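Next comes my_file.csv, a file with CSV, C-alpha atoms.
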```
chain,number,residue,atom,x,y,z
A,1,MET,CA,-74.6,-137.8,61.6
A,2,THR,CA,-75.4,-140.8,63.8
A,3,ILE,CA,-73.9,-140.6,67.3
A,4,PHE,CA,-73.2,-144.0,69.0
A,5,SER,CA,-73.1,-144.5,72.7
A,6,GLY,CA,-69.8,-145.6,74.4
A,7,ASP,CA,-71.0,-149.2,74.6
A,8,ALA,CA,-72.1,-149.2,71.0
A,9,GLN,CA,-68.8,-147.9,69.9
A,10,LYS,CA,-67.0,-150.6,71.9
A,11,ARG,CA,-69.2,-153.2,70.4
A,12,CYS,CA,-68.5,-151.9,66.9
A,13,VAL,CA,-64.8,-152.0,67.5
A,14,GLN,CA,-65.0,-155.6,68.7
A,15,LEU,CA,-67.0,-156.6,65.7
A,16,LEU,CA,-64.6,-155.0,63.3
A,17,THR,CA,-61.6,-156.7,65.1
A,18,SER,CA,-63.3,-160.1,65.0
A,19,TYR,CA,-64.1,-159.6,61.3
A,20,ALA,CA,-60.5,-158.7,60.6
A,21,ALA,CA,-59.3,-161.8,62.4
A,22,PHE,CA,-61.8,-163.9,60.5
A,23,CYS,CA,-60.6,-162.5,57.2
A,24,LEU,CA,-57.0,-163.2,58.1
A,25,ILE,CA,-57.8,-166.8,58.9
A,26,LEU,CA,-59.7,-167.2,55.6
A,27,CYS,CA,-56.6,-165.8,53.9
A,28,VAL,CA,-54.5,-168.5,55.5
A,29,MET,CA,-56.9,-171.2,54.5
A,30,ALA,CA,-56.7,-170.0,50.9
A,31,GLY,CA,-53.0,-170.1,51.0
A,32,CYS,CA,-52.6,-166.3,50.9
A,33,ARG,CA,-49.2,-164.8,51.6
A,34,THR,CA,-48.7,-161.2,52.7
A,35,GLN,CA,-45.0,-161.3,53.4
A,36,THR,CA,-42.2,-160.9,50.8
A,37,ASN,CA,-40.6,-164.0,52.2
A,38,PRO,CA,-43.5,-166.5,52.3
A,39,THR,CA,-43.5,-168.1,55.7
A,40,ARG,CA,-46.3,-170.0,57.4
A,41,SER,CA,-48.7,-167.5,58.9
A,42,MET,CA,-49.1,-167.4,62.7
A,43,ALA,CA,-52.8,-166.5,62.4
A,44,LEU,CA,-54.0,-170.0,63.2
A,45,ASP,CA,-51.8,-170.1,66.3
A,46,THR,CA,-53.7,-167.2,67.8
A,47,ILE,CA,-56.9,-169.3,68.0
A,48,PRO,CA,-57.3,-170.7,71.6
A,49,ASP,CA,-58.8,-174.1,70.4
A,50,LYS,CA,-57.3,-174.7,67.0
A,51,GLU,CA,-58.6,-178.2,66.7
A,52,SER,CA,-62.3,-177.2,67.3
A,53,TYR,CA,-61.9,-174.3,64.9
A,54,LEU,CA,-60.5,-176.5,62.1
A,55,LEU,CA,-63.1,-179.2,62.7
A,56,SER,CA,-65.9,-176.6,62.5
A,57,GLN,CA,-64.4,-175.5,59.1
A,58,LEU,CA,-64.8,-179.1,57.8
A,59,GLN,CA,-68.5,-179.0,58.7
A,60,THR,CA,-68.8,-176.1,56.3
A,61,ARG,CA,-66.7,-177.7,53.5
A,62,TYR,CA,-65.3,-181.2,54.1
A,63,GLN,CA,-63.5,-181.2,50.8
A,64,ASN,CA,-61.1,-178.4,51.8
A,65,PRO,CA,-57.6,-179.8,51.6
A,66,ASP,CA,-56.0,-176.8,53.4
A,67,VAL,CA,-58.1,-177.5,56.5
A,68,HIS,CA,-57.4,-181.3,56.4
A,69,CYS,CA,-53.7,-180.4,56.0
A,70,GLU,CA,-53.7,-178.1,59.0
A,71,LEU,CA,-55.6,-180.6,61.1
A,72,GLY,CA,-53.1,-183.3,60.1
A,73,ARG,CA,-50.2,-181.0,61.1
A,74,TYR,CA,-51.9,-180.2,64.4
A,75,TYR,CA,-52.3,-183.8,65.3
A,76,LEU,CA,-48.8,-184.6,64.1
A,77,ASN,CA,-47.4,-182.0,66.5
A,78,GLU,CA,-49.6,-183.4,69.3
A,79,GLY,CA,-48.3,-186.9,68.7
A,80,LEU,CA,-51.7,-188.2,67.5
A,81,LEU,CA,-50.3,-190.0,64.5
A,82,ASP,CA,-53.4,-192.0,63.5
A,83,LYS,CA,-55.5,-188.8,63.3
A,84,ALA,CA,-52.6,-187.0,61.5
A,85,LYS,CA,-52.4,-189.8,58.9
A,86,TYR,CA,-56.1,-189.7,58.2
A,87,HIS,CA,-56.3,-186.0,57.6
A,88,LEU,CA,-53.0,-185.7,55.7
A,89,GLN,CA,-54.1,-188.6,53.4
A,90,THR,CA,-57.5,-186.9,53.0
A,91,ALA,CA,-55.8,-183.6,52.1
A,92,LEU,CA,-53.7,-185.4,49.5
A,93,GLY,CA,-56.8,-187.2,48.2
A,94,PHE,CA,-58.5,-183.9,47.5
A,95,ASP,CA,-55.3,-182.3,46.2
A,96,PRO,CA,-52.4,-184.6,45.3
A,97,ALA,CA,-50.2,-181.6,44.6
A,98,HIS,CA,-50.6,-180.0,48.0
A,99,ARG,CA,-46.9,-179.4,48.9
A,100,THR,CA,-47.5,-178.6,52.5
A,101,ALA,CA,-49.5,-181.8,53.0
A,102,GLN,CA,-46.8,-183.7,51.2
A,103,ALA,CA,-44.1,-182.4,53.5
A,104,ALA,CA,-46.1,-183.1,56.6
A,105,TYR,CA,-46.8,-186.6,55.3
A,106,ILE,CA,-43.1,-187.2,54.8
A,107,LYS,CA,-42.5,-186.1,58.4
A,108,LEU,CA,-45.3,-188.5,59.5
A,109,ILE,CA,-43.7,-191.4,57.6
A,110,SER,CA,-40.4,-190.6,59.2
A,111,LYS,CA,-42.0,-191.1,62.6
A,112,LEU,CA,-43.9,-194.2,61.6
A,113,GLU,CA,-41.4,-196.0,59.4
A,114,GLY,CA,-38.1,-194.3,59.8
A,115,ASP,CA,-35.8,-191.9,57.8
A,116,MET,CA,-35.2,-194.3,54.9
A,117,ALA,CA,-38.9,-194.6,54.1
A,118,ALA,CA,-39.3,-190.8,54.4
A,119,GLN,CA,-36.4,-190.3,52.0
A,120,GLN,CA,-38.0,-192.7,49.5
A,121,LEU,CA,-41.4,-190.9,49.8
A,122,CYS,CA,-39.7,-187.5,49.3
A,123,ALA,CA,-37.9,-188.8,46.1
A,124,GLN,CA,-41.3,-190.1,44.9
A,125,TYR,CA,-42.9,-186.7,45.3
A,126,GLN,CA,-39.9,-185.0,43.7
A,127,ARG,CA,-39.7,-187.2,40.6
A,128,PRO,CA,-42.6,-185.7,38.6
A,129,LEU,CA,-41.5,-182.1,39.5
A,130,MET,CA,-38.1,-182.2,37.8
A,131,SER,CA,-39.4,-179.9,35.0
A,132,SER,CA,-41.1,-177.4,37.4
A,133,THR,CA,-38.7,-175.3,39.4
A,134,THR,CA,-41.6,-173.5,41.0
A,135,GLU,CA,-43.2,-176.7,42.4
A,136,LEU,CA,-39.9,-178.1,43.5
A,137,ILE,CA,-39.2,-174.9,45.4
A,138,LYS,CA,-42.6,-175.2,47.1
A,139,LEU,CA,-41.8,-178.7,48.3
A,140,ALA,CA,-38.3,-177.8,49.4
A,141,LYS,CA,-39.7,-174.8,51.4
A,142,ALA,CA,-42.5,-176.9,52.9
A,143,LEU,CA,-40.0,-179.5,54.1
A,144,GLY,CA,-38.0,-176.7,55.8
A,145,ASP,CA,-41.1,-175.4,57.4
A,146,GLU,CA,-41.7,-178.9,58.9
A,147,GLY,CA,-38.2,-178.9,60.3
A,148,MET,CA,-36.9,-181.5,57.9
A,149,ASP,CA,-33.8,-179.5,57.0
A,150,THR,CA,-31.8,-182.4,55.5
A,151,LEU,CA,-34.5,-183.3,53.0
A,152,SER,CA,-35.2,-179.6,52.4
A,153,LEU,CA,-31.6,-178.9,51.5
A,154,SER,CA,-31.4,-182.0,49.4
A,155,CYS,CA,-34.4,-180.8,47.4
A,156,PHE,CA,-32.9,-177.3,47.0
A,157,GLN,CA,-29.6,-178.8,45.9
A,158,ARG,CA,-31.4,-180.9,43.3
A,159,ILE,CA,-33.1,-177.8,42.0
A,160,LEU,CA,-29.9,-175.9,41.7
A,161,SER,CA,-28.2,-178.9,40.0
A,162,ILE,CA,-30.9,-178.7,37.3
A,163,HIS,CA,-31.5,-174.9,37.3
A,164,PRO,CA,-28.4,-173.2,38.7
A,165,ASP,CA,-29.6,-169.8,37.5
A,166,SER,CA,-32.8,-169.9,39.5
A,167,ALA,CA,-33.1,-166.6,41.3
A,168,GLU,CA,-36.1,-167.8,43.3
A,169,ALA,CA,-34.3,-171.0,44.5
A,170,ASN,CA,-31.4,-169.0,45.7
A,171,ARG,CA,-33.7,-166.5,47.3
A,172,GLN,CA,-35.5,-169.2,49.3
A,173,LEU,CA,-32.2,-170.8,50.3
A,174,GLY,CA,-31.2,-167.4,51.6
A,175,TYR,CA,-34.3,-167.2,53.8
A,176,PHE,CA,-33.7,-170.9,54.8
A,177,TYR,CA,-30.3,-170.1,56.2
A,178,LEU,CA,-31.3,-166.7,57.6
A,179,ALA,CA,-34.0,-168.4,59.7
A,180,ARG,CA,-31.3,-170.8,61.0
A,181,LYS,CA,-28.9,-167.9,61.9
A,182,ASP,CA,-26.4,-168.9,59.2
A,183,ASN,CA,-25.8,-165.4,57.9
A,184,GLU,CA,-22.8,-166.3,55.8
A,185,LYS,CA,-24.7,-168.8,53.7
A,186,ALA,CA,-27.8,-166.6,53.7
A,187,LYS,CA,-25.6,-163.8,52.3
A,188,LEU,CA,-24.1,-166.1,49.7
A,189,HIS,CA,-27.5,-167.2,48.3
A,190,PHE,CA,-29.1,-163.7,48.6
A,191,SER,CA,-26.2,-162.3,46.6
A,192,ARG,CA,-26.5,-164.9,44.0
A,193,SER,CA,-30.3,-164.4,43.7
A,194,PHE,CA,-29.8,-160.6,43.4
A,195,ASP,CA,-27.2,-161.0,40.7
A,196,LEU,CA,-29.6,-163.1,38.7
A,197,ASN,CA,-32.6,-160.8,39.3
A,198,PRO,CA,-31.9,-157.3,40.8
A,199,ASN,CA,-35.6,-156.4,40.9
A,200,GLN,CA,-36.1,-158.0,44.3
A,201,PRO,CA,-36.6,-155.3,47.0
A,202,ASP,CA,-36.8,-157.8,49.8
A,203,VAL,CA,-33.5,-159.5,48.9
A,204,ALA,CA,-31.9,-156.1,48.5
A,205,GLY,CA,-33.2,-155.2,52.0
A,206,GLU,CA,-31.8,-158.4,53.5
A,207,LEU,CA,-28.4,-157.8,51.9
A,208,GLY,CA,-28.4,-154.2,53.1
A,209,ARG,CA,-29.0,-155.3,56.6
A,210,MET,CA,-26.0,-157.6,56.3
A,211,GLY,CA,-23.8,-154.7,55.2
A,212,VAL,CA,-23.7,-155.6,51.5
A,213,THR,CA,-23.6,-152.6,49.2
A,214,ILE,CA,-26.4,-152.9,46.7
A,215,GLU,CA,-26.3,-151.3,43.2
A,216,THR,CA,-29.8,-150.7,42.0
A,217,PRO,CA,-30.5,-151.4,38.3
A,218,ASP,CA,-30.5,-148.4,36.0
A,219,LEU,CA,-34.0,-147.2,35.4
A,220,PRO,CA,-35.1,-146.2,31.8
A,221,PRO,CA,-35.2,-142.5,31.2
A,222,VAL,CA,-38.5,-140.7,31.7
A,223,PRO,CA,-39.9,-139.7,28.4
A,224,ASN,CA,-40.5,-136.0,27.8
A,225,SER,CA,-44.2,-135.0,28.2
```

Could you write out this file's structure as structure tokens?
Amino acid sequence: MTIFSGDAQKRCVQLLTSYAAFCLILCVMAGCRTQTNPTRSMALDTIPDKESYLLSQLQTRYQNPDVHCELGRYYLNEGLLDKAKYHLQTALGFDPAHRTAQAAYIKLISKLEGDMAAQQLCAQYQRPLMSSTTELIKLAKALGDEGMDTLSLSCFQRILSIHPDSAEANRQLGYFYLARKDNEKAKLHFSRSFDLNPNQPDVAGELGRMGVTIETPDLPPVPNS
């Protein structure tokens, strides 16, 4: 057995911690989600100099739309609209279906050209997604993550007008309202989602915390061995 000195042990722990943080950030860049309710990870926000980090990632792979998107969102929040426009347009150039970049670009357009232009762009992005509930939900959720609640709700309402029996749309609307402290509407959509698909432990958990009695679906009998 190899015995390490105290300093070596500390160094080993530091290296492992740094490696774990690096892996987490890579997971974010790849669009990985570890929570049952997908929300934007806070991993990038723990980096002291987010701008320098993201720019360094572009030196490794300039064609990465996720990095351009995060840089665009960073500059947008900092009020650097020209830089935000460049990186968001670049992200969409590499991946025209990047829903997070689309939502951030809609937000940028609202700042540059006003709400009407943002609504028109949102409608333009929605139009080819009418047959894809999954992609519409991604866009609706991304709009909510950008704080564009009116457009997000409009997108969710359009989804439910086309697919009223979408358990996932109701689930995400439940989380939308839960994040905004509107527990009654959250409960309404969580309940609807659970009725449509009872095999959702996270939704059952949220309803349980709201005091709603949950009846778990009957499991098939275990065959005799």

So what do you get for CA of Lys138 in chain A versus CA of His68 in chain A, distance-wise?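 Interatomic distance here is 18.5 Å.
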
Considering only C-alpha atoms, state which residue in the set A:Glu215, A:Glu78, A:Glu168, A:Asp115 is at the smallest distance from Met148 in chain A.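 Nearest candidate to Met148 in chain A out of A:Glu215, A:Glu78, A:Glu168, A:Asp115: A:Asp115.
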
Identify, on the basis of only C-alpha atoms, every residue whose closest approach to Asn197 in chain A does not exceed 12 Å; exclude the query and any residue fewer than 3 positions from it along the same chain; express the result as a list in words. Asp165, Ser166, Ala167, Glu168, Ala169, Asn170, Arg171, Phe190, Ser191, Arg192, Ser193, Phe194, Gln200, Pro201, Asp202, Val203, Ala204, Thr216 and Pro217 of chain A

Figure out the distance between CA of Ser152 in chain A and CA of Ala140 in chain A, please, to one decimal in Å. 4.7 Å

Separation of CA of Glu146 in chain A and CA of Leu188 in chain A, in Å? 23.6 Å

Of the listed residues A:Tyr75, A:Tyr62, A:Phe94, A:Tyr125, that which approaches Ile106 in chain A most closely, counting all atoms listed in the file: A:Tyr125

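Proximity of A:Pro48, A:Tyr177, A:Gly79, A:Gln172 to Leu112 in chain A, computed with only C-alpha atoms, is greatest for A:Gly79.
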
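Around Ala91 in chain A, within 12 Å and counting all atoms listed in the file, the residues found are A:Leu58, A:Tyr62, A:Gln63, A:Asn64, A:Pro65, A:Asp66, A:Val67, A:His68, A:Cys69, A:Glu70, A:Leu71, A:Gly72, A:Arg73, A:Ala84, A:Lys85, A:Ala97, A:His98, A:Arg99, A:Thr100, A:Ala101, A:Gln102, A:Ala103, A:Ala104, A:Tyr105, once anything fewer than 6 positions away on its own chain is removed.
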